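Here is structure.txt, consisting of compact mmCIF, C-alpha atoms:
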# COMPACT_ATOMS: atom_id res chain seq x y z
CA MET P 38 0.00 0.00 0.00
CA ALA P 39 2.78 2.43 0.94
CA ALA P 40 4.61 1.68 -2.29
CA SER P 41 1.51 2.32 -4.41
CA MET P 42 0.86 5.65 -2.59
CA GLU P 43 4.43 6.78 -3.22
CA LEU P 44 4.14 5.73 -6.86
CA SER P 45 0.91 7.69 -7.34
CA LEU P 46 2.43 10.77 -5.67
CA ASN P 47 5.42 10.57 -8.00
CA ASN P 48 3.12 10.38 -11.00
CA LEU P 49 1.23 13.56 -10.10
CA PRO P 50 2.22 16.66 -12.07
CA SER P 51 4.21 19.31 -10.16
CA ASP P 52 1.90 22.29 -10.69
CA PRO P 53 -1.09 21.10 -8.60
CA LEU P 54 1.25 19.88 -5.87
CA LEU P 55 3.06 23.23 -5.76
CA LEU P 56 -0.29 24.99 -5.61
CA MET P 57 -1.28 22.94 -2.57
CA LEU P 58 2.08 23.54 -0.91
CA SER P 59 1.70 27.31 -1.43
CA PHE P 60 -1.13 27.30 1.15
CA LEU P 61 1.12 25.88 3.87
CA ASP P 62 2.97 27.83 6.52
CA PHE P 63 6.73 27.38 6.78
CA ARG P 64 6.46 24.85 9.62
CA ASP P 65 4.15 22.59 7.59
CA LEU P 66 6.29 23.06 4.50
CA ILE P 67 9.34 21.82 6.40
CA SER P 68 7.34 18.85 7.73
CA CYS P 69 6.35 17.94 4.17
CA SER P 70 10.00 17.85 3.15
CA PHE P 71 10.43 14.75 5.39
CA VAL P 72 7.49 12.80 3.88
CA SER P 73 9.06 11.73 0.62
CA ARG P 74 11.81 12.54 -1.82
CA ARG P 75 9.30 14.12 -4.22
CA LEU P 76 7.84 16.44 -1.59
CA ASN P 77 11.33 17.22 -0.35
CA GLU P 78 12.23 18.49 -3.81
CA LEU P 79 8.99 20.43 -4.25
CA SER P 80 9.04 21.99 -0.77
CA GLY P 81 12.35 23.66 -1.63
CA HIS P 82 10.79 25.39 -4.66
CA ASN P 83 12.05 28.99 -4.66
CA PRO P 84 8.70 30.76 -5.28
CA LEU P 85 7.23 29.07 -2.17
CA TRP P 86 9.93 30.54 0.05
CA LYS P 87 9.78 33.86 -1.75
CA GLY P 88 6.16 34.20 -0.59
CA LEU P 89 7.11 33.23 2.96
CA CYS P 90 10.02 35.70 2.99
CA LEU P 91 7.66 38.47 1.92
CA LYS P 92 4.98 37.47 4.43
CA HIS P 93 7.15 37.08 7.53
CA TRP P 94 10.24 39.23 6.85
CA LEU P 95 8.97 41.70 4.20
CA LEU P 96 11.95 40.79 2.00
CA THR P 97 11.94 41.87 -1.63
CA GLU P 98 13.81 40.88 -4.79
CA SER P 99 16.44 43.55 -4.13
CA ASP P 100 17.14 42.02 -0.70
CA LYS P 101 17.74 38.64 -2.34
CA ILE P 102 20.09 40.13 -4.94
CA GLN P 103 22.17 41.80 -2.24
CA LYS P 104 22.46 38.58 -0.24
CA VAL P 105 23.14 36.31 -3.25
CA GLN P 106 21.13 33.50 -1.64
CA THR P 107 18.13 31.38 -2.50
CA TRP P 108 14.82 32.39 -0.93
CA LYS P 109 14.93 29.36 1.36
CA GLU P 110 18.44 30.25 2.53
CA LEU P 111 17.35 33.83 3.10
CA PHE P 112 14.35 32.68 5.12
CA ARG P 113 16.60 30.41 7.22
CA GLU P 114 19.05 33.27 7.91
CA PHE P 115 16.33 35.62 9.17
CA TYR P 116 14.64 32.86 11.14
CA THR P 117 17.92 32.02 12.88
CA ASP P 118 18.24 35.65 14.03
CA LEU P 119 14.61 36.66 14.53
CA GLY P 120 12.67 33.40 14.70
CA ARG P 121 11.21 34.06 18.17
CA TYR P 122 9.51 37.17 16.75
CA ILE P 123 8.02 35.61 13.62
CA ASP P 124 4.45 36.25 14.81
CA HIS P 125 5.19 39.97 15.27
CA TYR P 126 7.98 40.97 12.91
CA GLY P 127 5.96 41.44 9.70
CA THR P 128 3.35 43.63 11.40
CA LEU P 129 5.85 45.80 13.29
CA LYS P 130 8.35 46.09 10.42
CA LYS P 131 5.57 47.25 8.10
CA ALA P 132 4.45 49.83 10.68
CA TRP P 133 8.01 51.15 11.02
CA ASP P 134 8.48 51.25 7.23
CA ASP P 135 5.14 53.06 6.72
CA LEU P 136 5.98 55.58 9.43
CA LYS P 137 9.46 56.34 8.08
CA ARG P 138 8.20 56.64 4.51
CA TYR P 139 5.53 59.12 5.60
CA LEU P 140 7.76 61.16 7.89
CA ASP P 141 10.48 61.31 5.23
CA GLN P 142 8.03 63.42 3.19
CA GLN P 143 6.41 65.36 6.05
CA CYS P 144 9.10 65.97 8.71
CA PRO P 145 12.40 64.26 7.78
CA ARG P 146 14.34 65.49 10.82
CA MET P 147 12.40 63.01 12.97
CA ILE P 148 13.87 60.14 10.94
CA ALA P 149 17.38 61.29 11.84
CA SER P 150 16.60 60.84 15.56
CA LEU P 151 15.85 57.09 15.24
CA LYS P 152 18.42 54.69 16.65
CA GLU P 153 19.62 51.45 15.08
CA GLY P 154 18.02 48.25 16.36
CA ALA P 155 19.19 46.71 19.62
CA LYS P 156 21.01 43.38 19.63
CA GLU P 157 19.50 40.25 21.13
CA GLU P 158 22.10 40.10 23.89
CA GLU P 159 21.38 43.73 24.83
CA LEU P 160 17.69 42.93 25.36
CA ASP P 161 18.65 39.85 27.38
CA GLY P 162 20.89 42.05 29.52
CA ILE P 163 18.04 44.49 30.19
CA GLU P 164 15.81 41.61 31.32
CA ALA P 165 18.53 40.48 33.72
CA GLN P 166 18.95 44.05 34.99
CA ILE P 167 15.26 44.62 35.79
CA CYS P 168 14.57 40.96 36.71
CA CYS P 169 11.51 40.93 34.48
CA LYS P 170 10.68 39.54 31.02
CA LEU P 171 10.00 41.90 28.12
CA SER P 172 7.12 40.98 25.82
CA ASN P 173 8.14 39.52 22.45
CA ASP P 174 6.42 42.24 20.42
CA TYR P 175 8.25 44.94 22.42
CA ARG P 176 11.58 43.16 21.91
CA CYS P 177 10.80 42.72 18.22
CA SER P 178 10.15 46.43 17.68
CA TYR P 179 13.38 47.31 19.49
CA ARG P 180 15.31 44.90 17.28
CA ILE P 181 14.13 47.09 14.39
CA HIS P 182 14.71 50.48 16.07
CA ASN P 183 16.00 51.04 19.59
CA GLY P 184 13.76 54.05 20.20
CA GLN P 185 15.11 57.52 19.40
CA LYS P 186 17.54 60.13 20.64
CA LEU P 187 16.09 62.43 23.29
CA VAL P 188 15.10 65.33 21.07
CA VAL P 189 12.22 67.76 20.56
CA PRO P 190 9.86 67.22 18.85
CA GLY P 191 9.41 63.61 19.88
CA LEU P 192 8.31 60.78 17.61
CA MET P 193 5.27 59.85 19.72
CA GLY P 194 3.34 63.09 19.31
CA SER P 195 3.10 66.64 20.58
CA MET P 196 0.48 68.99 21.98
CA ALA P 197 0.73 72.77 22.24
CA LEU P 198 -1.79 75.02 23.94
CA SER P 199 -0.98 78.54 25.06
CA ASN P 200 1.97 78.14 27.47
CA HIS P 201 1.49 74.37 27.84
CA TYR P 202 3.61 72.10 25.62
CA ARG P 203 4.07 68.33 25.48
CA SER P 204 6.24 66.29 23.13
CA GLU P 205 6.98 62.62 23.76
CA ASP P 206 10.13 60.74 22.76
CA LEU P 207 10.17 56.98 22.21
CA LEU P 208 12.73 55.88 24.79
CA ASP P 209 15.63 53.61 23.92
CA ILE P 210 15.78 50.40 25.92
CA GLU P 211 18.65 51.52 28.19
CA THR P 212 16.88 54.75 29.21
CA ALA P 213 13.59 52.89 29.67
CA ALA P 214 15.25 50.36 31.96
CA GLY P 215 16.58 53.23 34.08
CA GLY P 216 12.99 54.32 34.68
CA PHE P 217 11.65 50.82 35.48
CA GLN P 218 9.17 51.15 38.34
CA GLN P 219 8.88 49.04 41.48
CA ARG P 220 7.04 51.52 43.72
CA LYS P 221 3.52 50.81 44.93
CA GLY P 222 0.91 51.46 42.28
CA MET P 223 3.47 51.20 39.45
CA ARG P 224 5.12 47.85 40.13
CA GLN P 225 6.71 46.09 37.14
CA CYS P 226 5.99 49.02 34.82
CA LEU P 227 8.42 50.11 32.09
CA PRO P 228 8.28 53.62 30.57
CA LEU P 229 7.86 53.71 26.78
CA THR P 230 7.89 57.47 26.22
CA PHE P 231 9.03 60.59 28.04
CA CYS P 232 8.25 64.30 27.78
CA PHE P 233 10.90 66.78 28.98
CA HIS P 234 8.35 69.54 29.54
CA THR P 235 5.74 67.71 31.64
CA GLY P 236 7.60 64.65 32.94
CA LEU P 237 4.75 62.58 31.45
CA SER P 238 5.43 59.00 30.34
CA GLN P 239 3.38 56.22 28.82
CA TYR P 240 4.07 52.93 30.59
CA MET P 241 3.79 49.23 29.77
CA ALA P 242 2.93 46.69 32.48
CA LEU P 243 5.42 43.83 32.18
CA GLU P 244 3.34 41.66 34.51
CA GLY P 245 -0.34 41.44 35.39
CA THR P 246 -0.28 43.07 38.80
CA GLU P 247 -2.06 45.81 40.78
CA GLY P 248 -5.15 45.47 38.59
CA ARG P 249 -3.33 45.85 35.27
CA SER P 250 -3.22 43.33 32.45
CA HIS P 251 0.06 41.97 31.14
CA SER P 252 1.48 44.25 28.38
CA GLU P 253 -1.18 46.92 29.01
CA ILE P 254 -0.08 50.41 27.89
CA PHE P 255 -1.23 53.34 30.01
CA TYR P 256 -0.77 56.96 31.03
CA HIS P 257 -2.73 57.54 34.20
CA CYS P 258 -5.42 55.50 32.44
CA PRO P 259 -5.38 52.45 30.11
CA VAL P 260 -4.52 53.25 26.50
CA ARG P 261 -3.96 49.94 24.64
CA SER P 262 -3.87 46.25 25.53
CA SER P 263 -0.48 45.43 23.95
CA PHE P 264 2.62 47.05 22.51
CA THR P 265 1.70 45.99 18.96
CA GLU P 266 -1.78 47.47 19.21
CA TRP P 267 -0.41 50.67 20.77
CA PHE P 268 2.32 51.20 18.17
CA THR P 269 0.45 50.13 15.03
CA SER P 270 -2.66 52.16 15.89
CA TYR P 271 -0.47 55.21 16.46
CA VAL P 272 1.30 54.71 13.12
CA HIS P 273 -2.04 54.24 11.36
CA ASN P 274 -3.31 57.54 12.75
CA VAL P 275 -0.13 59.31 11.63
CA VAL P 276 0.16 57.97 8.07
CA THR P 277 -3.56 58.36 7.31
CA GLY P 278 -3.51 62.00 8.41
CA GLU P 279 -5.76 61.45 11.43
CA TYR P 280 -2.99 63.00 13.50
CA PRO P 281 -2.06 66.20 11.65
CA ILE P 282 1.51 67.33 11.02
CA ILE P 283 1.76 70.94 12.22
CA ARG P 284 5.08 72.82 12.12
CA ASP P 285 7.02 69.55 11.65
CA GLN P 286 5.36 67.92 14.66
CA ILE P 287 2.78 65.15 15.04
CA PHE P 288 -0.27 66.37 16.97
CA ARG P 289 -2.44 63.71 18.57
CA TYR P 290 -5.86 65.15 17.81
CA VAL P 291 -8.64 62.62 17.21
CA HIS P 292 -11.09 63.44 14.44
CA ASP P 293 -14.56 61.91 14.32
CA LYS P 294 -15.65 61.84 10.67
CA GLN P 295 -19.18 62.73 11.78
CA CYS P 296 -17.94 65.99 13.34
CA VAL P 297 -18.29 67.92 10.09
CA ALA P 298 -21.01 70.41 9.17
CA THR P 299 -21.46 72.51 6.04
CA THR P 300 -23.48 75.71 5.91
CA GLY P 301 -23.62 77.20 2.42
CA ASP P 302 -20.01 77.54 1.23
CA ILE P 303 -18.40 77.06 4.66
CA THR P 304 -17.46 73.73 6.26
CA VAL P 305 -16.54 73.33 9.93
CA SER P 306 -14.82 70.20 11.29
CA VAL P 307 -13.59 69.41 14.81
CA SER P 308 -10.82 67.24 16.32
CA THR P 309 -10.27 66.69 20.05
CA SER P 310 -7.58 65.49 22.43
CA PHE P 311 -7.61 64.57 26.12
CA LEU P 312 -4.70 65.93 28.20
CA PRO P 313 -4.08 63.58 31.15
CA GLU P 314 -1.24 65.70 32.52
CA LEU P 315 -3.67 68.60 33.12
CA SER P 316 -6.47 66.42 34.47
CA SER P 317 -7.24 64.81 37.81
CA VAL P 318 -9.78 62.39 39.25
CA HIS P 319 -9.68 63.84 42.78
CA PRO P 320 -10.93 66.52 42.53
CA PRO P 321 -12.67 65.64 39.22
CA HIS P 322 -11.16 67.90 36.59
CA PHE P 323 -10.93 66.71 32.98
CA PHE P 324 -9.04 68.81 30.46
CA PHE P 325 -9.64 68.62 26.70
CA THR P 326 -8.31 70.64 23.82
CA TYR P 327 -10.14 70.88 20.53
CA ARG P 328 -8.95 71.99 17.11
CA ILE P 329 -11.42 73.55 14.68
CA ARG P 330 -10.98 73.87 10.92
CA ILE P 331 -13.10 76.42 9.06
CA GLU P 332 -12.92 76.18 5.28
CA MET P 333 -14.63 78.08 2.47
CA ALA P 334 -15.24 76.12 -0.73
CA LYS P 335 -12.85 76.85 -3.60
CA ASP P 336 -15.75 77.27 -6.01
CA ALA P 337 -17.59 79.78 -3.80
CA LEU P 338 -18.45 83.09 -5.46
CA PRO P 339 -16.04 85.96 -4.65
CA GLU P 340 -18.98 88.08 -3.45
CA ASN P 341 -19.64 85.46 -0.74
CA ALA P 342 -16.44 86.45 1.10
CA CYS P 343 -17.24 87.02 4.76
CA GLN P 344 -15.78 87.65 8.22
CA LEU P 345 -16.39 85.84 11.52
CA ASP P 346 -17.86 88.13 14.20
CA SER P 347 -18.75 85.93 17.16
CA ARG P 348 -19.26 82.41 18.48
CA TYR P 349 -21.99 80.65 20.43
CA TRP P 350 -21.47 77.43 22.40
CA LYS P 351 -23.97 75.10 24.00
CA ILE P 352 -22.13 72.79 26.41
CA THR P 353 -23.90 69.76 27.93
CA ASN P 354 -22.20 67.62 30.58
CA ALA P 355 -22.84 64.01 31.65
CA ASN P 356 -25.43 65.14 34.22
CA GLY P 357 -27.48 66.87 31.52
CA ASN P 358 -26.61 70.34 32.79
CA VAL P 359 -26.35 72.91 30.00
CA GLU P 360 -24.13 75.97 29.83
CA GLU P 361 -24.27 78.56 27.07
CA VAL P 362 -21.28 80.68 26.12
CA ARG P 363 -21.16 83.65 23.74
CA GLY P 364 -18.16 85.76 22.81
CA PRO P 365 -16.52 87.82 20.09
CA GLY P 366 -14.31 86.11 17.50
CA VAL P 367 -12.28 82.96 18.14
CA VAL P 368 -9.14 83.06 20.32
CA GLY P 369 -9.01 86.81 19.81
CA GLU P 370 -9.19 86.62 16.01
CA PHE P 371 -11.86 87.56 13.46
CA PRO P 372 -10.87 85.53 10.40
CA VAL P 373 -11.88 86.65 6.91
CA MET P 374 -13.04 83.78 4.71
CA THR P 375 -12.58 83.92 0.94
CA PRO P 376 -12.96 81.12 -1.67
CA GLY P 377 -10.49 78.32 -0.82
CA LYS P 378 -9.41 79.92 2.48
CA VAL P 379 -8.80 77.68 5.51
CA HIS P 380 -8.63 78.94 9.09
CA GLU P 381 -7.64 76.63 11.96
CA TYR P 382 -7.37 77.30 15.66
CA ALA P 383 -7.11 75.40 18.93
CA SER P 384 -8.85 76.05 22.22
CA CYS P 385 -9.69 74.10 25.36
CA THR P 386 -12.39 73.26 27.87
CA THR P 387 -12.50 71.72 31.33
CA PHE P 388 -15.34 69.90 33.04
CA SER P 389 -15.98 67.97 36.22
CA THR P 390 -17.98 65.08 34.76
CA THR P 391 -16.39 62.26 32.78
CA SER P 392 -17.96 63.35 29.49
CA GLU P 393 -19.62 66.26 27.79
CA TYR P 394 -20.43 67.47 24.32
CA MET P 395 -20.33 70.86 22.64
CA GLU P 396 -22.15 72.34 19.66
CA GLY P 397 -23.00 75.81 18.45
CA HIS P 398 -22.51 78.28 15.64
CA TYR P 399 -20.39 81.14 14.35
CA THR P 400 -21.94 84.41 13.24
CA PHE P 401 -20.53 85.95 10.05
CA HIS P 402 -21.21 89.06 7.96
CA ARG P 403 -20.61 89.50 4.22
CA LEU P 404 -17.71 91.78 3.32
CA LYS P 405 -19.73 93.40 0.52
CA ASN P 406 -22.76 93.94 2.70
CA LYS P 407 -22.18 94.17 6.46
CA GLU P 408 -25.92 94.10 7.01
CA GLU P 409 -26.06 90.53 5.69
CA ILE P 410 -25.48 88.42 8.80
CA PHE P 411 -25.73 84.63 8.92
CA ASP P 412 -24.86 81.69 11.22
CA VAL P 413 -22.57 78.77 10.38
CA CYS P 414 -23.18 75.51 12.25
CA ILE P 415 -20.50 73.98 14.49
CA PRO P 416 -21.14 70.20 14.58
CA ARG P 417 -21.71 68.45 17.89
CA PHE P 418 -18.54 66.84 19.19
CA HIS P 419 -18.16 64.60 22.21
CA MET P 420 -15.32 64.61 24.72
CA VAL P 421 -15.09 61.50 26.89
CA CYS P 422 -12.47 60.84 29.54
CA PRO P 423 -10.69 57.48 28.98
CA PRO P 424 -11.29 54.77 31.62
CA PHE P 425 -9.39 55.27 34.85
CA ARG P 426 -8.88 53.35 38.08
CA GLU P 427 -10.24 54.82 41.28
CA SER P 428 -7.84 55.24 44.16
CA ILE P 429 -8.51 52.76 46.96
CA VAL P 430 -7.86 55.61 49.41
CA ARG P 431 -10.96 57.47 48.27
CA SER P 432 -14.40 56.25 49.11
CA VAL P 433 -16.97 55.71 46.39
CA SER P 434 -19.33 58.15 48.06
CA VAL P 435 -16.77 60.95 47.90
CA LEU P 436 -16.11 60.19 44.24
CA CYS P 437 -19.80 60.17 43.34
CA ALA P 438 -20.41 63.39 45.23
CA SER P 439 -17.53 65.04 43.37
CA PHE P 440 -18.86 63.94 39.98
CA ASN P 441 -22.21 65.59 40.69
CA GLU P 442 -20.51 68.99 40.57
CA ASP P 443 -20.94 71.01 37.40
CA ASN P 444 -17.98 73.04 36.22
CA SER P 445 -17.47 73.45 32.46
CA SER P 446 -15.73 76.28 30.71
CA ASP P 447 -15.14 77.34 27.14
CA THR P 448 -11.77 79.08 26.90
CA ASP P 449 -11.76 80.45 23.38
CA ASP P 450 -10.49 83.73 24.83
CA HIS P 451 -7.58 82.21 26.72
CA ASN P 452 -4.17 83.85 26.70
CA GLU P 453 -0.85 82.96 28.29
CA GLY P 454 -1.72 84.38 31.69
CA GLU P 455 -5.00 82.51 31.91
CA LEU P 456 -3.46 79.04 31.72
CA ARG P 457 -0.72 79.61 34.25
CA GLY P 458 -3.10 78.75 37.07
CA ILE P 459 -3.01 75.08 36.10
CA ASN P 460 -0.50 73.16 38.18
CA MET P 461 0.80 70.19 36.21
CA ALA P 462 2.23 68.55 39.31
CA ALA P 463 -1.13 68.74 41.06
CA PRO P 464 -3.57 69.31 38.18
CA GLY P 465 -6.57 70.51 40.11
CA GLY P 466 -6.52 74.06 38.73
CA ARG P 467 -9.35 75.57 36.76
CA CYS P 468 -9.43 77.42 33.49
CA PRO P 469 -11.28 80.76 33.69
CA ARG P 470 -14.94 80.73 32.74
CA HIS P 471 -15.97 82.79 29.72
CA ILE P 472 -19.74 83.26 29.55
Now that the file is in, can you turn its structure into structure tokens?
Amino acid sequence: MAASMELSLNNLPSDPLLLMLSFLDFRDLISCSFVSRRLNELSGHNPLWKGLCLKHWLLTESDKIQKVQTWKELFREFYTDLGRYIDHYGTLKKAWDDLKRYLDQQCPRMIASLKEGAKEEELDGIEAQICCKLSNDYRCSYRIHNGQKLVVPGLMGSMALSNHYRSEDLLDIETAAGGFQQRKGMRQCLPLTFCFHTGLSQYMALEGTEGRSHSEIFYHCPVRSSFTEWFTSYVHNVVTGEYPIIRDQIFRYVHDKQCVATTGDITVSVSTSFLPELSSVHPPHFFFTYRIRIEMAKDALPENACQLDSRYWKITNANGNVEEVRGPGVVGEFPVMTPGKVHEYASCTTFSTTSEYMEGHYTFHRLKNKEEIFDVCIPRFHMVCPPFRESIVRSVSVLCASFNEDNSSDTDDHNEGELRGINMAAPGGRCPRHI
């Protein structure tokens, strides 16, 4: 029976067998090479390993030419060096390549700050130093690039608002290990980023302890469930333009595609960002910045040119309490809109409930006829505080009582002096109310 099966296999044409083998992963392909002489020959077919090299190592024809090796030999070389990361390497390498390609066009000086990848023995040494295992996806990313030099602006995003500035660097593994935490509340946590201006870091939990999940990424609140999810989602937001590049810096504003409204020739869209370093749970004080884009259609008639006179906000918090705010201009400006003109500005708001939404309108007048006054809709946009963990020191009753307070403020009129009251070390300050 075995002889007849081998004979029938040998009589089968190569093309259908190669097609079937092309659906196998590298482990199964290697297993097939031990079944028979015929399968051993077919499993070494170069195009099969070319596909696997592309899938797992993102290798191209030019890589093969430089190495002067067969695709199978090339696969074996990379597997020998990076085999433990085979489930992560393709995803993370693509994210790094996409990010560098995009930044090379948008802000090339950031590329110059990236460090070469760490060696395997260096990562092993860090684990021995902190007596804790690093996750494989984290190690994999640092084999590709060992973070960046400590420069401004940082790779992991910036935020600028009046006299407040934040820019986060992606720490190299040696610097991160120096900030490894063992204190209560932060045990087994490794910093991923650092901001010179605020002292803020994003951390990764290397073990599931103190209520955190293994590999969870967090500020003062959970951000992502793993390093891969954290890094790839960030890269996606950068390269798709969700996070805008402003003055050669990446700004982490989040844009909801539904937060767009068009009135006549003018379109208004809104992006928001939560600032944990200016927020606190006790007392409840949640700080958001929002960026508004006002654009007049390119095909608008020249006689439709207009100027913004005032703004109106309707602010509703999680308790259903409503506050209305009116004021002249936007951040002290009265932009003139002409066909194709774009005006953008950033402002902020604070509130004492975990969510709120804002909506309203701008009032304009036509330049040709100042008597012609009209309103332009500002779409409703929601601001929701990310999940956070309550301190065990505080009682639930105190927390609930605090959240029943109502304290929202629109700060379109803010200037440098008005934000100095916020203490970043103890962020319980308040922005001034403008009603």
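For the point (-6.4, 78.2, 16.2), the residues with at least one atom inside 8 Å, counting all atoms listed in the file, are Arg328, Ile329, Val367, Val368, His380, Glu381, Tyr382, Ala383 and Ser384 of chain P.
If you measure from each of P:Glu279, P:Pro339, P:Gly301, P:Thr391 to P:Phe323 using all atoms listed in the file, the closest one turns out to be P:Thr391.
Nearest residue to P:Val359, choosing from P:Cys343, P:Leu151, P:Met241, P:Met395 and counting only C-alpha atoms: P:Met395.
When all atoms listed in the file are used to measure the gap to P:Ile167, the shortest distance among P:Ser392, P:Gln225, P:Gln185, P:Thr212 belongs to P:Gln225.
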Once you count only C-alpha atoms, what closest atom pair and distance in Å to one decimal does each residue of stretch 146-241 of chain P within 10 Å of stretch 311-317 of chain P have, with rows by chain and rising residue number, as CSV?
residue,atom,partner,partner_atom,distance
P:Met196,CA,P:Leu312,CA,8.7
P:His201,CA,P:Leu315,CA,9.4
P:Arg203,CA,P:Glu314,CA,9.2
P:Thr235,CA,P:Glu314,CA,7.3
P:Gly236,CA,P:Glu314,CA,8.9
P:Leu237,CA,P:Glu314,CA,6.8
P:Ser238,CA,P:Glu314,CA,9.7
Writing out the chosen residues with C-alpha atoms as an mmCIF file, keeping the file's coordinate frame:
data_model
loop_
_atom_site.group_PDB
_atom_site.id
_atom_site.type_symbol
_atom_site.label_atom_id
_atom_site.label_comp_id
_atom_site.auth_asym_id
_atom_site.auth_seq_id
_atom_site.Cartn_x
_atom_site.Cartn_y
_atom_site.Cartn_z
ATOM 1 C CA MET P 196 0.480 68.990 21.980
ATOM 2 C CA HIS P 201 1.490 74.370 27.840
ATOM 3 C CA ARG P 203 4.070 68.330 25.480
ATOM 4 C CA THR P 235 5.740 67.710 31.640
ATOM 5 C CA GLY P 236 7.600 64.650 32.940
ATOM 6 C CA LEU P 237 4.750 62.580 31.450
ATOM 7 C CA SER P 238 5.430 59.000 30.340
#
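Nearest-residue note for P:Arg261: choosing from P:Pro424, P:Ile102, P:Leu55, P:Val189, the minimum distance belongs to P:Pro424, counting all atoms listed in the file.
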Which stretch 113-165 of chain P residues have any atom within 12 Å of an atom of stretch 88-92 of chain P, and for each, what is the nearest pair of atoms with distance in Å to one decimal, counting only C-alpha atoms, rows sorted by chain and number, as CSV?
residue,atom,partner,partner_atom,distance
P:Arg113,CA,P:Cys90,CA,9.4
P:Glu114,CA,P:Cys90,CA,10.6
P:Phe115,CA,P:Cys90,CA,8.8
P:Tyr116,CA,P:Cys90,CA,9.8
P:Ile123,CA,P:Lys92,CA,9.9
P:Asp124,CA,P:Lys92,CA,10.5
P:His125,CA,P:Lys92,CA,11.1
P:Tyr126,CA,P:Lys92,CA,9.7
P:Gly127,CA,P:Lys92,CA,6.7
P:Thr128,CA,P:Lys92,CA,9.4
P:Lys130,CA,P:Lys92,CA,11.0
P:Lys131,CA,P:Lys92,CA,10.5
Do you have the atom CA of P:Val188-atom CA of P:Asp206 distance handy? 7.0 Å
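Non-sequential neighbours of P:Phe63 (distance at most 12 Å, separation of 2 or more positions within a chain, only C-alpha atoms) are Leu58, Ser59, Phe60, Leu61, Asp65, Leu66, Ile67, Ser68, Cys69, Ser70, Ser80, Gly81, Leu85, Trp86, Lys87, Gly88, Leu89, Cys90, Lys92, His93, Lys109, Phe112, Arg113, Tyr116, Gly120 and Ile123 of chain P.
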Would you save the residues of that selection, restricted to C-alpha atoms, as a tab-separated table (two decimals), keeping the file's coordinate frame?
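Below is the file that was written, again-v4.tsv:
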chain	number	residue	atom	x	y	z
P	58	LEU	CA	2.08	23.54	-0.91
P	59	SER	CA	1.70	27.31	-1.43
P	60	PHE	CA	-1.13	27.30	1.15
P	61	LEU	CA	1.12	25.88	3.87
P	65	ASP	CA	4.15	22.59	7.59
P	66	LEU	CA	6.29	23.06	4.50
P	67	ILE	CA	9.34	21.82	6.40
P	68	SER	CA	7.34	18.85	7.73
P	69	CYS	CA	6.35	17.94	4.17
P	70	SER	CA	10.00	17.85	3.15
P	80	SER	CA	9.04	21.99	-0.77
P	81	GLY	CA	12.35	23.66	-1.63
P	85	LEU	CA	7.23	29.07	-2.17
P	86	TRP	CA	9.93	30.54	0.05
P	87	LYS	CA	9.78	33.86	-1.75
P	88	GLY	CA	6.16	34.20	-0.59
P	89	LEU	CA	7.11	33.23	2.96
P	90	CYS	CA	10.02	35.70	2.99
P	92	LYS	CA	4.98	37.47	4.43
P	93	HIS	CA	7.15	37.08	7.53
P	109	LYS	CA	14.93	29.36	1.36
P	112	PHE	CA	14.35	32.68	5.12
P	113	ARG	CA	16.60	30.41	7.22
P	116	TYR	CA	14.64	32.86	11.14
P	120	GLY	CA	12.67	33.40	14.70
P	123	ILE	CA	8.02	35.61	13.62
Please, what distance in Å, to one decimal, runs between atom CA of P:Cys169 and atom CA of P:Gly184? 19.5 Å
Find the residues around P:Ile283 up to 10 Å (all atoms listed in the file counted), leave out those fewer than 5 positions away in its own chain, and share them as JSON, numbers by chain. {"P": [143, 144, 195, 288]}
re atom CA of P:Asp293 and atom CA of P:Thr386: distance 17.8 Å
Mind checking which residues fall within 12 Å of P:Thr400, counting only C-alpha atoms, ignoring those fewer than 3 positions away in the same chain, and posting them as a list in words? Thr300, Ile303, Cys343, Gln344, Leu345, Asp346, Ser347, Arg348, Tyr349, Trp350, Arg363, Gly364, Pro365, Gly366, Val367, Phe371, Pro372, Gly397, Arg403, Lys407, Glu409, Ile410, Phe411, Asp412, Val413, Cys414 and Ile415 of chain P
Taking C-alpha atoms for each residue, export the selection above as a compact mmCIF listing (two decimals), keeping the file's coordinate frame.
# COMPACT_ATOMS: atom_id res chain seq x y z
CA THR P 300 -23.48 75.71 5.91
CA ILE P 303 -18.40 77.06 4.66
CA CYS P 343 -17.24 87.02 4.76
CA GLN P 344 -15.78 87.65 8.22
CA LEU P 345 -16.39 85.84 11.52
CA ASP P 346 -17.86 88.13 14.20
CA SER P 347 -18.75 85.93 17.16
CA ARG P 348 -19.26 82.41 18.48
CA TYR P 349 -21.99 80.65 20.43
CA TRP P 350 -21.47 77.43 22.40
CA ARG P 363 -21.16 83.65 23.74
CA GLY P 364 -18.16 85.76 22.81
CA PRO P 365 -16.52 87.82 20.09
CA GLY P 366 -14.31 86.11 17.50
CA VAL P 367 -12.28 82.96 18.14
CA PHE P 371 -11.86 87.56 13.46
CA PRO P 372 -10.87 85.53 10.40
CA GLY P 397 -23.00 75.81 18.45
CA ARG P 403 -20.61 89.50 4.22
CA LYS P 407 -22.18 94.17 6.46
CA GLU P 409 -26.06 90.53 5.69
CA ILE P 410 -25.48 88.42 8.80
CA PHE P 411 -25.73 84.63 8.92
CA ASP P 412 -24.86 81.69 11.22
CA VAL P 413 -22.57 78.77 10.38
CA CYS P 414 -23.18 75.51 12.25
CA ILE P 415 -20.50 73.98 14.49
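Candidate residues P:Val105, P:Ala214, P:Ala155, P:Leu140 were compared for distance to P:Pro281, and the nearest is P:Leu140, using all atoms listed in the file.
Comparing P:Leu187, P:Phe418, P:Glu340, P:Ala334 by their smallest distance to P:Val291, the closest is P:Phe418 (using all atoms listed in the file).
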